[in-house]
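Colleague: Next comes structure.csv, CSV, C-alpha atoms:
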chain,number,residue,atom,x,y,z
A,159,MET,CA,-22.9,-21.4,4.4
A,160,LEU,CA,-22.7,-20.5,0.7
A,161,LEU,CA,-19.4,-20.5,-1.1
A,162,LYS,CA,-18.2,-17.0,-1.7
A,163,LYS,CA,-16.3,-16.1,-4.8
A,164,VAL,CA,-13.3,-13.7,-4.5
A,165,VAL,CA,-11.2,-11.9,-7.1
A,166,PHE,CA,-7.8,-10.7,-5.9
A,167,LEU,CA,-6.0,-7.7,-7.3
A,168,GLY,CA,-2.4,-7.0,-6.2
A,169,SER,CA,1.3,-6.9,-6.6
A,170,LYS,CA,4.6,-6.4,-4.7
A,171,PRO,CA,5.7,-8.6,-1.8
A,172,ILE,CA,2.8,-7.6,0.4
A,173,GLY,CA,0.4,-8.5,-2.3
A,174,TYR,CA,2.1,-11.9,-2.7
A,175,ASP,CA,2.0,-12.7,1.0
A,176,CYS,CA,-1.7,-11.7,1.3
A,177,PHE,CA,-2.6,-13.7,-1.9
A,178,ALA,CA,-0.8,-16.8,-0.6
A,179,TYR,CA,-2.6,-16.6,2.8
A,180,MET,CA,-6.0,-16.2,1.1
A,181,LEU,CA,-5.3,-19.2,-1.1
A,182,ALA,CA,-4.3,-21.2,2.0
A,183,MET,CA,-7.6,-20.2,3.8
A,184,GLN,CA,-10.0,-21.0,0.9
A,185,GLU,CA,-11.4,-24.2,2.5
A,186,SER,CA,-11.6,-23.0,6.1
A,187,LEU,CA,-13.3,-19.8,5.1
A,188,ASN,CA,-15.5,-21.4,2.4
A,189,ILE,CA,-14.3,-19.1,-0.4
A,190,GLN,CA,-13.1,-19.7,-3.9
A,191,VAL,CA,-10.6,-17.4,-5.5
A,192,VAL,CA,-11.9,-17.2,-9.1
A,193,GLY,CA,-9.4,-14.8,-10.5
A,194,LEU,CA,-6.1,-12.8,-10.2
A,195,LEU,CA,-5.4,-9.4,-11.7
A,196,THR,CA,-1.8,-8.3,-11.3
A,197,HIS,CA,1.1,-6.8,-13.2
A,198,ALA,CA,4.6,-8.1,-13.4
A,199,ARG,CA,7.2,-6.3,-11.2
A,200,LYS,CA,10.6,-7.5,-12.4
A,201,GLU,CA,12.5,-5.9,-9.5
A,202,PHE,CA,10.9,-8.4,-7.1
A,203,GLY,CA,11.8,-11.5,-9.1
A,204,ASN,CA,10.0,-14.9,-9.2
A,205,ALA,CA,10.0,-15.1,-5.4
A,206,HIS,CA,7.0,-12.7,-5.3
A,207,ASP,CA,5.4,-13.4,-8.7
A,208,LEU,CA,1.7,-13.7,-8.1
A,209,ASN,CA,1.2,-15.2,-11.6
A,210,ILE,CA,3.4,-18.2,-10.6
A,211,LEU,CA,1.4,-18.6,-7.4
A,212,ALA,CA,-1.9,-18.5,-9.3
A,213,GLU,CA,-0.7,-21.1,-11.8
A,214,GLU,CA,0.4,-23.4,-9.0
A,215,HIS,CA,-3.2,-23.2,-7.5
A,216,HIS,CA,-5.0,-23.3,-10.9
A,217,ILE,CA,-6.4,-19.7,-10.4
A,218,PRO,CA,-7.3,-18.0,-13.7
A,219,THR,CA,-5.4,-14.8,-14.4
A,220,ILE,CA,-7.4,-11.8,-15.6
A,221,GLU,CA,-6.1,-9.7,-18.5
A,222,ASN,CA,-7.5,-6.3,-17.4
A,223,GLU,CA,-10.1,-4.5,-15.2
A,224,ASP,CA,-12.8,-4.9,-17.8
A,225,ALA,CA,-12.4,-8.7,-17.6
A,226,ILE,CA,-13.0,-8.9,-13.9
A,227,PRO,CA,-15.7,-11.6,-13.4
A,228,VAL,CA,-18.8,-11.2,-11.2
A,229,CYS,CA,-17.9,-12.2,-7.7
A,230,ASP,CA,-18.9,-11.6,-4.1
A,231,ILE,CA,-15.7,-9.9,-2.9
A,232,LEU,CA,-13.1,-7.9,-4.7
A,233,TYR,CA,-9.9,-7.6,-2.7
A,234,SER,CA,-7.0,-5.2,-3.7
A,235,VAL,CA,-3.5,-5.2,-2.1
A,236,GLN,CA,-1.1,-2.8,-3.8
A,237,TYR,CA,-2.9,-2.9,-7.2
A,238,HIS,CA,-1.6,0.0,-9.3
A,239,ARG,CA,-4.7,1.3,-11.1
A,240,ILE,CA,-7.8,3.1,-9.9
A,241,LEU,CA,-11.0,1.1,-10.5
A,242,LYS,CA,-14.0,2.5,-12.3
A,243,ALA,CA,-17.5,2.2,-10.9
A,244,ASP,CA,-18.4,-0.7,-13.3
A,245,HIS,CA,-15.4,-2.6,-12.1
A,246,ILE,CA,-16.2,-2.1,-8.4
A,247,GLN,CA,-19.8,-3.2,-9.0
A,248,LYS,CA,-18.6,-6.6,-10.2
A,249,ALA,CA,-18.4,-7.4,-6.4
A,250,SER,CA,-21.9,-8.0,-5.1
A,251,GLN,CA,-20.9,-7.9,-1.4
A,252,ILE,CA,-17.9,-5.5,-1.2
A,253,ALA,CA,-14.7,-4.3,-2.8
A,254,VAL,CA,-11.9,-3.6,-0.4
A,255,ASN,CA,-8.3,-2.3,-0.5
A,256,LEU,CA,-5.4,-2.7,1.9
A,257,HIS,CA,-3.6,0.6,2.0
A,258,MET,CA,-0.2,0.7,3.7
A,259,ALA,CA,-0.8,4.0,5.5
A,260,PRO,CA,-3.2,5.4,8.1
A,261,LEU,CA,-6.3,7.0,6.6
A,262,PRO,CA,-7.5,9.7,6.2
A,263,GLU,CA,-4.0,11.2,6.7
A,264,TYR,CA,-2.1,9.7,3.8
A,265,ARG,CA,-3.9,8.8,0.6
A,266,GLY,CA,-1.9,7.9,-2.5
A,267,SER,CA,1.8,7.3,-2.7
A,268,ASN,CA,5.0,8.2,-0.8
A,269,GLN,CA,3.2,7.9,2.5
A,270,PHE,CA,6.2,6.6,4.4
A,271,SER,CA,8.4,9.5,3.2
A,272,TYR,CA,5.8,12.2,4.0
A,273,ALA,CA,5.1,10.8,7.5
A,274,ILE,CA,8.9,11.2,8.3
A,275,ILE,CA,9.1,14.6,6.7
A,276,ASP,CA,6.0,15.7,8.6
A,277,GLY,CA,7.5,14.6,11.9
A,278,LYS,CA,4.7,12.2,12.7
A,279,LYS,CA,4.9,10.1,15.8
A,280,GLU,CA,2.3,7.5,14.6
A,281,PHE,CA,1.7,5.6,11.5
A,282,GLY,CA,-0.5,2.6,10.5
A,283,THR,CA,-2.2,0.6,7.8
A,284,THR,CA,-5.8,0.5,6.7
A,285,ILE,CA,-8.4,-1.7,5.1
A,286,HIS,CA,-11.1,0.4,3.4
A,287,GLU,CA,-14.0,0.2,0.9
A,288,ILE,CA,-13.1,0.9,-2.7
A,289,ASP,CA,-14.8,3.8,-4.4
A,290,THR,CA,-13.8,5.7,-7.6
A,291,ARG,CA,-11.5,8.1,-5.7
A,292,ILE,CA,-7.9,7.3,-4.5
A,293,ASP,CA,-7.9,5.6,-1.1
A,294,HIS,CA,-11.1,7.4,-0.2
A,295,GLY,CA,-13.7,4.8,0.8
A,296,GLY,CA,-15.0,4.1,4.3
A,297,ILE,CA,-12.6,2.6,6.8
A,298,LEU,CA,-13.3,-1.0,7.8
A,299,PHE,CA,-10.2,-1.9,9.9
A,300,GLN,CA,-7.1,-0.1,10.9
A,301,LYS,CA,-3.9,-0.9,12.8
A,302,ARG,CA,-1.8,2.0,14.2
A,303,PHE,CA,1.7,2.0,15.8
A,304,ALA,CA,4.3,4.4,17.1
A,305,ILE,CA,7.1,5.6,14.7
A,306,PRO,CA,10.5,5.0,16.4
A,307,GLU,CA,12.7,8.1,17.1
A,308,GLY,CA,15.0,8.8,14.1
A,309,CYS,CA,13.2,6.3,11.9
A,310,TRP,CA,14.3,5.9,8.3
A,311,VAL,CA,12.0,5.3,5.4
A,312,ASN,CA,13.0,1.6,4.8
A,313,GLU,CA,12.5,0.9,8.5
A,314,LEU,CA,9.0,2.5,8.5
A,315,TYR,CA,8.2,0.5,5.4
A,316,GLN,CA,9.2,-2.7,7.1
A,317,LEU,CA,7.1,-1.9,10.2
A,318,THR,CA,4.1,-1.1,8.0
A,319,TYR,CA,4.6,-4.3,6.0
A,320,GLU,CA,4.5,-6.4,9.1
A,321,ALA,CA,1.4,-4.5,10.5
A,322,SER,CA,-0.3,-4.9,7.1
A,323,ASN,CA,0.3,-8.6,6.9
A,324,ALA,CA,-1.1,-9.0,10.4
A,325,LEU,CA,-4.1,-6.8,9.7
A,326,PHE,CA,-5.0,-8.8,6.5
A,327,ARG,CA,-4.8,-12.1,8.3
A,328,ASP,CA,-6.6,-10.9,11.4
A,329,THR,CA,-9.6,-9.5,9.4
A,330,LEU,CA,-9.9,-11.8,6.4
A,331,ALA,CA,-12.6,-13.9,8.1
A,332,ASP,CA,-14.5,-10.7,9.1
A,333,ILE,CA,-14.4,-9.5,5.5
A,334,VAL,CA,-15.7,-12.8,4.1
A,335,ASN,CA,-18.5,-13.0,6.7
A,336,ALA,CA,-19.5,-9.3,6.3
A,337,ASN,CA,-18.6,-8.7,10.0
A,338,TYR,CA,-17.7,-5.0,9.5
A,339,SER,CA,-19.0,-1.5,9.4
A,340,ALA,CA,-17.6,1.4,7.5
A,341,THR,CA,-16.5,4.7,9.0
A,342,PRO,CA,-16.5,7.5,6.5
A,343,GLN,CA,-13.1,9.2,6.2
A,344,ALA,CA,-14.7,12.6,6.2
A,345,THR,CA,-15.7,12.1,9.9
A,346,LEU,CA,-12.0,11.7,10.9
A,347,GLU,CA,-10.4,14.5,8.8
A,348,ASN,CA,-10.7,17.1,11.5
A,349,GLU,CA,-9.0,14.9,14.0
A,350,TYR,CA,-6.2,13.4,11.8
A,351,GLY,CA,-6.0,15.7,8.8
A,352,THR,CA,-5.8,14.4,5.2
A,353,SER,CA,-3.5,14.5,2.2
A,354,LEU,CA,-3.2,13.0,-1.2
A,355,HIS,CA,0.2,12.4,-2.8
A,356,PHE,CA,1.3,11.0,-6.2
A,357,ARG,CA,4.1,8.7,-7.2
A,358,LYS,CA,6.1,11.3,-9.1
A,359,GLU,CA,6.3,13.6,-6.1
A,360,ILE,CA,9.2,11.6,-4.7
A,361,ASN,CA,11.5,13.2,-7.3
A,362,HIS,CA,10.9,16.6,-5.7
A,363,LEU,CA,11.2,15.3,-2.1
A,364,LYS,CA,14.8,14.0,-2.8
A,365,GLU,CA,16.2,17.4,-3.7
A,366,ILE,CA,17.9,18.8,-0.5
A,367,ASP,CA,18.4,22.5,-0.1
A,368,LEU,CA,21.6,23.0,1.9
A,369,GLY,CA,20.2,26.3,3.2
A,370,TRP,CA,17.6,24.3,5.3
A,371,ASP,CA,18.3,23.8,9.0
A,372,LYS,CA,20.1,20.6,10.0
A,373,GLU,CA,17.0,19.0,11.4
A,374,LYS,CA,15.0,19.5,8.2
A,375,ILE,CA,17.9,18.2,6.1
A,376,ALA,CA,18.1,15.1,8.3
A,377,ARG,CA,14.4,14.4,8.0
A,378,HIS,CA,14.4,14.6,4.2
A,379,ILE,CA,17.4,12.3,4.0
A,380,ARG,CA,15.8,9.8,6.4
A,381,ALA,CA,12.6,10.1,4.4
A,382,THR,CA,14.0,9.5,0.9
A,383,TYR,CA,17.2,7.3,1.3
A,384,MET,CA,16.0,3.9,0.3
A,385,PRO,CA,18.6,1.2,-0.7
A,386,GLY,CA,18.1,0.2,-4.3
A,387,PHE,CA,16.6,3.6,-5.4
A,388,GLU,CA,18.1,6.9,-6.4
A,389,PRO,CA,19.3,8.6,-3.2
A,390,PRO,CA,18.5,12.1,-2.1
A,391,TYR,CA,20.7,14.8,-3.6
A,392,CYS,CA,21.6,18.5,-3.6
A,393,ILE,CA,22.5,20.8,-6.5
A,394,VAL,CA,25.9,22.4,-6.3
A,395,ASP,CA,27.1,24.6,-9.2
A,396,GLY,CA,24.5,23.1,-11.4
A,397,ARG,CA,25.6,19.5,-10.6
A,398,LYS,CA,23.5,16.9,-8.9
A,399,ILE,CA,25.5,15.6,-5.8
A,400,TYR,CA,24.1,12.5,-4.2
A,401,PHE,CA,24.0,11.6,-0.5
A,402,ASN,CA,25.4,8.1,-0.5
A,403,LEU,CA,25.5,6.8,3.0
A,404,ASN,CA,24.8,3.8,5.2
A,405,HIS,CA,22.9,3.9,8.5
A,406,ASP,CA,22.5,1.5,11.3
Rewrite the structure from the file as structure tokens, please.
Modeller:
Amino acid sequence: MLLKKVVFLGSKPIGYDCFAYMLAMQESLNIQVVGLLTHARKEFGNAHDLNILAEEHHIPTIENEDAIPVCDILYSVQYHRILKADHIQKASQIAVNLHMAPLPEYRGSNQFSYAIIDGKKEFGTTIHEIDTRIDHGGILFQKRFAIPEGCWVNELYQLTYEASNALFRDTLADIVNANYSATPQATLENEYGTSLHFRKEINHLKEIDLGWDKEKIARHIRATYMPGFEPPYCIVDGRKIYFNLNHD
């Protein structure tokens, strides 16, 4: 079997974990990771610094998207930029992305918060083909799970993190060996619906209107209260009053 060359794009703890697993599986899967494209995230510290991991394994780091080398597989996990067609075409076999949400329901950002606000009973994580639109390409693999009653956003994130890690590991050999078929997202939109959200929308989601009913207020608080980030708030007499609380 011919050696396949892989370029990894990613960041954040989930990107680190997936990159580490891919590096550990190079010999058994007959792949060679030929480059890493990432961006530093200071809030995660050295424990999840992909650059350090790449240096330890003598993997070249890539300066930007234009410098992506020709490869067989391009694999993105929490990479922060949308790739252009000429970047995607650097991969002769396939370019894929691990998106920590079910598709086609939740494209883009803030997916955990919107699922709670929308009162969803189910969530998930998806591996899909990369095209030039945000989280739009055909679905290759997906793992869904129930959202617990009264779930908070950090709890939903952790559940999705664990499911994403498992999905990446369970399907990496299938990706490498081209053992997949793509389901166009458009064929699922009538059943599941679809939405696209952007990172800056979280600022609006955190503003609580005290005129809402109790259930809606509770959902917005559970959806936006994440330790380490600005908490949800309300406006009283022109002042921003934060909801600072702990939950079990």
Colleague: Excluding same-chain residues fewer than 2 positions from stretch 292-309 of chain A, what lies within 6 Å of it counting only C-alpha atoms, as a compact mmCIF listing (two decimals) with C-alpha atoms, keeping the file's coordinate frame?
Modeller:
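Dumped to around.txt:
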# COMPACT_ATOMS: atom_id res chain seq x y z
CA ARG A 265 -3.90 8.80 0.60
CA LYS A 279 4.90 10.10 15.80
CA GLU A 280 2.30 7.50 14.60
CA PHE A 281 1.70 5.60 11.50
CA GLY A 282 -0.50 2.60 10.50
CA THR A 283 -2.20 0.60 7.80
CA THR A 284 -5.80 0.50 6.70
CA ILE A 285 -8.40 -1.70 5.10
CA HIS A 286 -11.10 0.40 3.40
CA GLU A 287 -14.00 0.20 0.90
CA ILE A 288 -13.10 0.90 -2.70
CA ASP A 289 -14.80 3.80 -4.40
CA SER A 339 -19.00 -1.50 9.40
CA ALA A 340 -17.60 1.40 7.50
CA THR A 341 -16.50 4.70 9.00
CA PRO A 342 -16.50 7.50 6.50
CA GLN A 343 -13.10 9.20 6.20
Colleague: Given all atoms listed in the file as the basis, pick out the residue of A:Ser353, A:Gln251, A:Asn361, A:Thr382 nearest to A:Asn312.
Modeller: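 The closest residue to A:Asn312 is A:Thr382.
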Colleague: Near A:Pro262, within 7 Å and counting only C-alpha atoms, which residues show up once chain neighbours fewer than 3 positions away are dropped, as a list of chain:residue names?
Modeller: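 Returned residues: A:Arg265, A:Gln343, A:Leu346, A:Glu347, A:Tyr350, A:Gly351, A:Thr352.
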Colleague: Mind pulling up the distance from atom CA of A:His238 to atom CA of A:Tyr264?
Modeller: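 Atom CA of A:His238 lies 16.3 Å from atom CA of A:Tyr264.
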Colleague: Can you tell me which residues surround A:Lys248 at a distance of at most 12 Å, considering all atoms listed in the file, apart from same-chain residues fewer than 4 positions away, and format the answer as a PDB file with C-alpha atoms, in the frame of the given file?
Modeller:
ATOM      1  CA  LYS A 163     -16.300 -16.100  -4.800  1.00  0.00           C
ATOM      2  CA  VAL A 164     -13.300 -13.700  -4.500  1.00  0.00           C
ATOM      3  CA  VAL A 165     -11.200 -11.900  -7.100  1.00  0.00           C
ATOM      4  CA  GLU A 223     -10.100  -4.500 -15.200  1.00  0.00           C
ATOM      5  CA  ASP A 224     -12.800  -4.900 -17.800  1.00  0.00           C
ATOM      6  CA  ALA A 225     -12.400  -8.700 -17.600  1.00  0.00           C
ATOM      7  CA  ILE A 226     -13.000  -8.900 -13.900  1.00  0.00           C
ATOM      8  CA  PRO A 227     -15.700 -11.600 -13.400  1.00  0.00           C
ATOM      9  CA  VAL A 228     -18.800 -11.200 -11.200  1.00  0.00           C
ATOM     10  CA  CYS A 229     -17.900 -12.200  -7.700  1.00  0.00           C
ATOM     11  CA  ASP A 230     -18.900 -11.600  -4.100  1.00  0.00           C
ATOM     12  CA  ILE A 231     -15.700  -9.900  -2.900  1.00  0.00           C
ATOM     13  CA  LEU A 232     -13.100  -7.900  -4.700  1.00  0.00           C
ATOM     14  CA  TYR A 233      -9.900  -7.600  -2.700  1.00  0.00           C
ATOM     15  CA  LEU A 241     -11.000   1.100 -10.500  1.00  0.00           C
ATOM     16  CA  LYS A 242     -14.000   2.500 -12.300  1.00  0.00           C
ATOM     17  CA  ALA A 243     -17.500   2.200 -10.900  1.00  0.00           C
ATOM     18  CA  ASP A 244     -18.400  -0.700 -13.300  1.00  0.00           C
ATOM     19  CA  ILE A 252     -17.900  -5.500  -1.200  1.00  0.00           C
ATOM     20  CA  ALA A 253     -14.700  -4.300  -2.800  1.00  0.00           C
ATOM     21  CA  ILE A 288     -13.100   0.900  -2.700  1.00  0.00           C
TER      22      ILE A 288
END
Colleague: If you measure from atom CA of A:Ser322 to atom CA of A:Tyr174, what distance in Å do you get, rounded to one decimal?
Modeller: 12.3 Å
Colleague: I'd like the interatomic distance between atom CA of A:Glu373 and atom CA of A:Tyr391, to a tenth of an Å.
Modeller: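 Computed distance, atom CA of A:Glu373 to atom CA of A:Tyr391, equals 16.0 Å.
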Colleague: Between A:Thr329, A:Asn337, A:Asn222, A:Gln184, single out the one closest to A:Thr196, counting only C-alpha atoms.
Modeller: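 Ranking A:Thr329, A:Asn337, A:Asn222, A:Gln184 by distance to A:Thr196, first place goes to A:Asn222.
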Colleague: Counting all atoms listed in the file, which residue out of A:Leu354, A:Leu256, A:Ala321, A:Ala273 sits closest to A:Phe177?
Modeller: A:Leu256
Colleague: Point out the residue among A:Val235, A:Ala259, A:Leu211, A:Leu167 with the least atom-to-atom distance to A:Ala182, counting all atoms listed in the file.
Modeller: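 Closest to A:Ala182 of all the choices is A:Leu211.
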Colleague: For A:Arg357, which residue out of A:Ile246, A:Leu195, A:Phe270, A:Lys162 is the nearest one, using only C-alpha atoms?
Modeller: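 Smallest distance to A:Arg357 is found for A:Phe270.
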Colleague: Give me, as a ChimeraX atom specification, all polymer residues having an atom no more than 12 Å from A:Lys398, counting all atoms listed in the file and skipping those fewer than 6 positions away in the same chain.
Modeller: /A:364-367,388-392
Colleague: Store the residues of this selection in a file with C-alpha atoms, as a PDB file, keeping the file's coordinate frame.
Modeller:
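Saved result, result-v9.pdb, follows:
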ATOM      1  CA  LYS A 364      14.800  14.000  -2.800  1.00  0.00           C
ATOM      2  CA  GLU A 365      16.200  17.400  -3.700  1.00  0.00           C
ATOM      3  CA  ILE A 366      17.900  18.800  -0.500  1.00  0.00           C
ATOM      4  CA  ASP A 367      18.400  22.500  -0.100  1.00  0.00           C
ATOM      5  CA  GLU A 388      18.100   6.900  -6.400  1.00  0.00           C
ATOM      6  CA  PRO A 389      19.300   8.600  -3.200  1.00  0.00           C
ATOM      7  CA  PRO A 390      18.500  12.100  -2.100  1.00  0.00           C
ATOM      8  CA  TYR A 391      20.700  14.800  -3.600  1.00  0.00           C
ATOM      9  CA  CYS A 392      21.600  18.500  -3.600  1.00  0.00           C
TER      10      CYS A 392
END
Colleague: Pick out the closest residue to A:Ala376 from this set: A:Gly173, A:Ile393, A:Gly277, A:Glu313. Count all atoms listed in the file.
Modeller: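 Selected residue with least distance to A:Ala376: A:Gly277.
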Colleague: Find the residues near A:Tyr315: any atom within 9 Å, counting only C-alpha atoms, skip ones fewer than 5 places away on the same chain, and give them as an MDAnalysis selection string.
Modeller: chainID A and resid 258 270 310 320
Colleague: Starting from the incomplete input, reconstruct N, CA, C and O atoms of stretch 375-397 of chain A and report them as a compact mmCIF listing (two decimals), in the coordinates of the input.
Modeller:
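Result file is result.txt:
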# COMPACT_ATOMS: atom_id res chain seq x y z
N ILE A 375 17.04 18.95 6.99
CA ILE A 375 17.90 18.20 6.10
C ILE A 375 17.89 16.71 6.48
O ILE A 375 17.72 15.80 5.66
N ALA A 376 18.09 16.48 7.77
CA ALA A 376 18.10 15.10 8.30
C ALA A 376 16.84 14.37 8.03
O ALA A 376 16.83 13.19 7.64
N ARG A 377 15.70 15.05 8.25
CA ARG A 377 14.40 14.40 8.00
C ARG A 377 14.22 14.04 6.56
O ARG A 377 13.73 12.94 6.25
N HIS A 378 14.59 14.93 5.65
CA HIS A 378 14.40 14.60 4.20
C HIS A 378 15.34 13.48 3.79
O HIS A 378 14.94 12.66 2.95
N ILE A 379 16.54 13.42 4.35
CA ILE A 379 17.40 12.30 4.00
C ILE A 379 16.85 11.00 4.53
O ILE A 379 16.78 10.00 3.81
N ARG A 380 16.42 10.98 5.80
CA ARG A 380 15.80 9.80 6.40
C ARG A 380 14.56 9.34 5.62
O ARG A 380 14.24 8.15 5.52
N ALA A 381 13.84 10.34 5.08
CA ALA A 381 12.60 10.10 4.40
C ALA A 381 12.73 9.58 2.98
O ALA A 381 11.79 8.99 2.42
N THR A 382 13.89 9.78 2.37
CA THR A 382 14.00 9.50 0.90
C THR A 382 15.20 8.57 0.61
O THR A 382 15.35 8.17 -0.56
N TYR A 383 16.03 8.23 1.58
CA TYR A 383 17.20 7.30 1.30
C TYR A 383 16.70 5.89 1.47
O TYR A 383 16.55 5.39 2.58
N MET A 384 16.47 5.24 0.34
CA MET A 384 16.00 3.90 0.30
C MET A 384 16.99 3.04 -0.53
O MET A 384 17.14 3.32 -1.72
N PRO A 385 17.70 2.06 0.06
CA PRO A 385 18.60 1.20 -0.70
C PRO A 385 17.95 0.66 -1.96
O PRO A 385 16.82 0.18 -1.89
N GLY A 386 18.65 0.73 -3.09
CA GLY A 386 18.10 0.20 -4.30
C GLY A 386 17.43 1.26 -5.19
O GLY A 386 17.07 0.98 -6.34
N PHE A 387 17.25 2.46 -4.65
CA PHE A 387 16.60 3.60 -5.40
C PHE A 387 17.56 4.75 -5.44
O PHE A 387 18.52 4.83 -4.68
N GLU A 388 17.27 5.68 -6.35
CA GLU A 388 18.10 6.90 -6.40
C GLU A 388 18.09 7.59 -5.09
O GLU A 388 17.03 7.83 -4.50
N PRO A 389 19.28 7.93 -4.57
CA PRO A 389 19.30 8.60 -3.20
C PRO A 389 18.97 10.05 -3.32
O PRO A 389 18.91 10.63 -4.40
N PRO A 390 18.76 10.67 -2.16
CA PRO A 390 18.50 12.10 -2.10
C PRO A 390 19.80 12.84 -2.61
O PRO A 390 20.90 12.28 -2.60
N TYR A 391 19.63 14.09 -3.00
CA TYR A 391 20.70 14.80 -3.60
C TYR A 391 20.59 16.32 -3.34
O TYR A 391 19.52 16.80 -2.91
N CYS A 392 21.65 17.06 -3.60
CA CYS A 392 21.60 18.50 -3.60
C CYS A 392 22.19 19.00 -4.92
O CYS A 392 22.88 18.24 -5.62
N ILE A 393 21.93 20.22 -5.28
CA ILE A 393 22.50 20.80 -6.50
C ILE A 393 23.57 21.80 -6.12
O ILE A 393 23.33 22.75 -5.38
N VAL A 394 24.77 21.55 -6.60
CA VAL A 394 25.90 22.40 -6.30
C VAL A 394 26.54 22.82 -7.67
O VAL A 394 26.96 21.94 -8.44
N ASP A 395 26.54 24.13 -7.95
CA ASP A 395 27.10 24.60 -9.20
C ASP A 395 26.47 23.92 -10.42
O ASP A 395 27.16 23.57 -11.39
N GLY A 396 25.17 23.68 -10.33
CA GLY A 396 24.50 23.10 -11.40
C GLY A 396 24.62 21.56 -11.54
O GLY A 396 24.09 20.94 -12.45
N ARG A 397 25.36 20.97 -10.59
CA ARG A 397 25.60 19.50 -10.60
C ARG A 397 24.77 18.84 -9.53
O ARG A 397 24.60 19.38 -8.43
